[in-house]
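**Q** Sharing work_25.txt here; it has compact mmCIF, C-alpha atoms.
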```txt
# COMPACT_ATOMS: atom_id res chain seq x y z
CA MET Q 3 63.38 154.02 98.97
CA LYS Q 4 64.03 150.27 98.78
CA LYS Q 5 62.64 150.19 95.24
CA PHE Q 6 64.99 152.97 94.18
CA ILE Q 7 68.06 151.20 95.61
CA LEU Q 8 67.02 147.94 94.00
CA SER Q 9 66.43 149.65 90.63
CA ALA Q 10 69.78 151.45 90.78
CA THR Q 11 71.57 148.21 91.66
CA LEU Q 12 69.97 146.40 88.73
CA VAL Q 13 70.89 149.21 86.31
CA VAL Q 14 74.53 149.14 87.45
CA LEU Q 15 74.71 145.36 87.24
CA PHE Q 16 73.07 145.26 83.82
CA GLY Q 17 75.36 148.01 82.51
CA GLY Q 18 78.43 146.14 83.76
CA TYR Q 19 77.15 142.92 82.20
CA VAL Q 20 76.62 144.60 78.81
CA PHE Q 21 80.10 146.19 78.96
CA PHE Q 22 81.56 142.81 79.82
CA LEU Q 23 79.83 141.14 76.89
CA LYS Q 24 80.94 143.82 74.39
CA SER Q 25 84.52 143.92 75.55
CA GLY Q 26 84.89 140.23 76.25
CA GLN Q 27 84.23 138.99 72.70
CA SER Q 28 87.93 138.82 71.84
CA GLY Q 29 88.79 137.18 75.10
CA GLN Q 30 90.39 140.37 76.47
CA THR Q 31 88.98 143.38 78.21
CA LEU Q 32 89.23 146.62 76.27
CA LEU Q 33 89.53 150.05 77.75
CA PRO Q 34 86.59 152.31 76.89
CA SER Q 35 88.87 154.57 74.82
CA GLU Q 36 89.95 151.59 72.68
CA ALA Q 37 86.55 150.04 72.14
CA ASN Q 38 85.53 151.64 68.82
CA THR Q 39 88.65 153.35 67.47
CA PRO Q 40 89.05 152.56 63.76
CA THR Q 41 92.56 152.39 62.32
CA GLN Q 42 93.94 151.77 58.89
CA ASN Q 43 95.12 148.39 57.88
CA PRO Q 44 98.95 148.46 58.07
CA ALA Q 45 99.09 146.92 54.58
CA VAL Q 46 97.44 150.02 53.13
CA ALA Q 47 99.16 152.63 55.28
CA ASP Q 48 100.64 154.33 52.20
CA GLY Q 49 97.16 155.58 51.30
CA ALA Q 50 96.69 153.22 48.35
CA GLY Q 51 93.43 151.85 49.61
CA THR Q 52 91.28 153.61 52.16
CA ASN Q 53 88.05 151.67 51.88
CA ALA Q 54 85.88 151.39 54.94
CA SER Q 55 86.35 147.64 54.66
CA ASP Q 56 90.12 148.14 55.17
CA GLN Q 57 89.55 149.68 58.56
CA THR Q 58 89.61 147.42 61.62
CA LEU Q 59 88.97 147.95 65.28
CA ASN Q 60 92.07 148.57 67.31
CA LYS Q 61 91.79 145.43 69.32
CA PRO Q 62 94.91 144.18 70.98
CA GLN Q 63 96.09 140.93 69.49
CA ALA Q 64 95.66 137.99 71.77
CA THR Q 65 99.01 136.67 72.88
CA PRO Q 66 99.26 132.94 73.21
CA VAL Q 67 99.10 131.77 76.76
CA SER Q 68 102.14 129.79 77.62
CA GLU Q 69 101.47 126.42 79.13
CA PRO Q 70 102.85 125.74 82.56
CA PRO Q 71 106.08 123.81 82.43
CA LYS Q 72 105.47 120.12 82.28
CA THR Q 73 106.69 118.23 85.25
CA THR Q 74 107.66 114.65 85.25
CA PRO Q 75 105.31 112.52 87.30
CA LYS Q 76 106.63 111.68 90.70
CA THR Q 77 107.50 108.07 91.07
CA THR Q 78 107.02 106.59 94.43
CA THR Q 79 109.06 103.73 95.58
CA PRO Q 80 107.14 101.18 97.59
CA ALA Q 81 107.86 101.32 101.25
CA PRO Q 82 110.09 98.51 102.36
CA LYS Q 83 108.32 95.77 104.24
CA PRO Q 84 108.73 96.38 107.92
CA VAL Q 85 110.88 93.97 109.79
CA THR Q 86 108.66 92.24 112.29
CA LYS Q 87 109.56 92.77 115.87
CA SER Q 88 108.29 89.34 116.72
CA GLY Q 89 110.89 87.54 114.65
CA TRP Q 90 108.35 84.76 113.95
CA LYS Q 91 108.43 82.80 110.73
CA ASP Q 92 105.18 82.07 108.92
CA GLY Q 93 103.43 78.77 109.45
CA THR Q 94 101.36 76.81 111.96
CA PHE Q 95 103.12 75.70 115.13
CA THR Q 96 101.78 73.30 117.74
CA GLY Q 97 102.41 74.02 121.38
CA ALA Q 98 103.01 71.55 124.17
CA SER Q 99 100.10 69.80 125.85
CA VAL Q 100 99.85 71.29 129.35
CA ASP Q 101 98.03 69.75 132.32
CA ALA Q 102 95.46 72.27 133.57
CA TYR Q 103 94.23 70.11 136.47
CA PHE Q 104 90.75 69.48 135.00
CA GLY Q 105 92.16 68.46 131.61
CA ASN Q 106 94.97 69.21 129.18
CA VAL Q 107 95.27 72.41 127.14
CA GLN Q 108 97.05 72.39 123.80
CA VAL Q 109 96.95 75.04 121.07
CA SER Q 110 98.39 75.60 117.63
CA ALA Q 111 99.40 79.10 116.58
CA THR Q 112 99.21 80.36 113.00
CA ILE Q 113 101.73 83.03 112.04
CA SER Q 114 101.21 85.01 108.83
CA GLY Q 115 103.33 87.98 107.80
CA GLY Q 116 105.26 87.68 111.04
CA LYS Q 117 102.09 88.18 113.09
CA LEU Q 118 99.98 85.86 115.20
CA THR Q 119 96.76 85.57 113.20
CA ASN Q 120 94.93 82.54 114.60
CA ILE Q 121 94.95 80.11 117.51
CA ALA Q 122 93.30 76.70 117.31
CA PHE Q 123 92.47 74.64 120.40
CA LEU Q 124 93.57 71.07 120.00
CA GLU Q 125 92.84 70.04 123.61
CA TYR Q 126 90.93 71.72 126.41
CA PRO Q 127 89.15 70.64 129.61
CA SER Q 128 85.80 69.15 128.58
CA ASP Q 129 85.33 65.92 130.53
CA ASN Q 130 82.35 67.26 132.48
CA ARG Q 131 79.75 69.97 132.10
CA THR Q 132 81.49 72.42 134.45
CA SER Q 133 84.89 72.09 132.74
CA LEU Q 134 83.30 72.41 129.30
CA GLY Q 135 81.35 75.53 130.36
CA LYS Q 136 84.50 77.20 131.76
CA SER Q 137 86.47 76.33 128.62
CA GLN Q 138 83.76 77.66 126.32
CA MET Q 139 83.64 80.88 128.34
CA SER Q 140 87.39 81.48 128.69
CA LEU Q 141 89.11 80.15 125.57
CA PRO Q 142 87.61 82.59 123.01
CA ARG Q 143 88.52 85.53 125.28
CA LEU Q 144 92.07 84.21 125.77
CA LYS Q 145 92.44 83.69 122.01
CA GLN Q 146 91.29 87.23 121.17
CA GLU Q 147 93.49 88.81 123.83
CA ALA Q 148 96.58 86.87 122.66
CA ILE Q 149 96.05 87.87 119.02
CA THR Q 150 95.55 91.50 120.01
CA ALA Q 151 98.62 91.48 122.27
CA GLN Q 152 100.67 89.40 119.82
CA SER Q 153 101.91 87.53 122.85
CA ALA Q 154 101.22 84.59 125.14
CA ASN Q 155 101.18 86.95 128.12
CA VAL Q 156 97.47 87.50 128.66
CA ASN Q 157 95.27 88.17 131.66
CA ILE Q 158 94.04 85.19 133.63
CA ILE Q 159 90.30 84.68 133.37
CA SER Q 160 88.65 84.56 136.78
CA GLY Q 161 87.06 81.16 137.38
CA ALA Q 162 89.30 79.51 134.76
CA THR Q 163 92.71 80.10 136.31
CA GLN Q 164 94.26 76.70 135.49
CA THR Q 165 92.87 76.75 131.95
CA SER Q 166 94.26 80.29 131.45
CA GLU Q 167 97.69 79.26 132.72
CA GLY Q 168 97.68 76.12 130.56
CA PHE Q 169 96.72 78.24 127.54
CA MET Q 170 99.58 80.68 128.15
CA GLN Q 171 102.13 77.86 128.54
CA SER Q 172 101.00 75.99 125.41
CA LEU Q 173 100.88 79.19 123.32
CA SER Q 174 104.30 80.24 124.60
CA SER Q 175 105.65 76.84 123.53
CA ALA Q 176 104.14 77.24 120.03
CA LEU Q 177 105.52 80.77 119.64
CA SER Q 178 109.00 79.67 120.68
CA LYS Q 179 108.89 77.10 117.84
CA ALA Q 180 107.96 79.94 115.45
CA LYS Q 181 111.06 81.97 116.27
CA ALA Q 182 113.14 82.44 113.12
```
Transcribe the structure of this file into structure tokens.
**A**
Amino acid sequence: MKKFILSATLVVLFGGYVFFLKSGQSGQTLLPSEANTPTQNPAVADGAGTNASDQTLNKPQATPVSEPPKTTPKTTTPAPKPVTKSGWKDGTFTGASVDAYFGNVQVSATISGGKLTNIAFLEYPSDNRTSLGKSQMSLPRLKQEAITAQSANVNIISGATQTSEGFMQSLSSALSKAKA
């Protein structure tokens, strides 16, 4: 039974494929009644020449396909540069040197495109091994948090409270100098 169904399916598919090939030669599908109907050439319709070579198949003439209307390319205007909320002018600004009990903290803030992009440490507590260790632990974290927040208001690092407060004061001083 499966072989019969498979054979019948193949016959139907092959027959449709052959019909498609025969009728699709002109680019259009012909109805079965139009496929092989000979007609006289209109130039010889008066009966002057009735050669077999004057007869043509009654194939519909292909009509030209109209092209879709051409559209003008869309021009996009560049988006205006956003006005920075910070109001900072570009440049590098040095903050005040702040006493952080174990040493002074002083930073310089770099503003680019109205945004805080870098903070350099000009002074930090480093006169002994403990102060240096706390500075090395806290200052990179304070720098990253300030750049992310785009502000001098950052969280105080536990164990480096005075250094954190000195950092915030010095950075705040630098940012106030950057105000446009």
**Q** Name the residues in contact with stretch 106-113 of chain Q at a cut-off of 7 Å, using only C-alpha atoms, excluding same-chain residues fewer than 4 positions from it; report them as an MDAnalysis selection string.
**A** chainID Q and resid 91:102 117:127 165 168:169 172:173 176
**Q** Calculate how many Å separate atom CA of Q:Met139 from atom CA of Q:Asn157, rounding to one decimal.
**A** 14.1 Å
**Q** Give the answer as one residue: which of Q:Pro142, Q:Gly135, Q:Gly116, Q:Gly161 has the shortest atom-to-atom distance to Q:Gly89, using all atoms listed in the file?
**A** Q:Gly116
**Q** Quick one: pull the distance between atom CA of Q:Ser137 and atom CA of Q:Lys181, Å, one decimal.
**A** 28.1 Å
**Q** At what distance in Å, to one decimal, does atom CA of Q:Gln152 lie from atom CA of Q:Lys179?
**A**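 It comes out at 14.9 Å.
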**Q** Using all atoms listed in the file, find the one residue out of Q:Gly105, Q:Asp129, Q:Gln146, Q:Gly115 that sits nearest to Q:Gln164.
**A** Q:Gly105
**Q** Pick from Q:Ala148, Q:Thr163, Q:Ser140, Q:Val156: nearest to Q:Phe104, with all atoms listed in the file counted?
**A**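 Counting all atoms listed in the file, the residue closest to Q:Phe104 is Q:Thr163.
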**Q** I need the residue nearest Q:Met170 from this list: Q:Tyr103, Q:Gln138, Q:Leu144, Q:Ile149. Use all atoms listed in the file for the distance.
**A**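 Of Q:Tyr103, Q:Gln138, Q:Leu144, Q:Ile149, the one nearest Q:Met170, counting all atoms listed in the file, is Q:Leu144.
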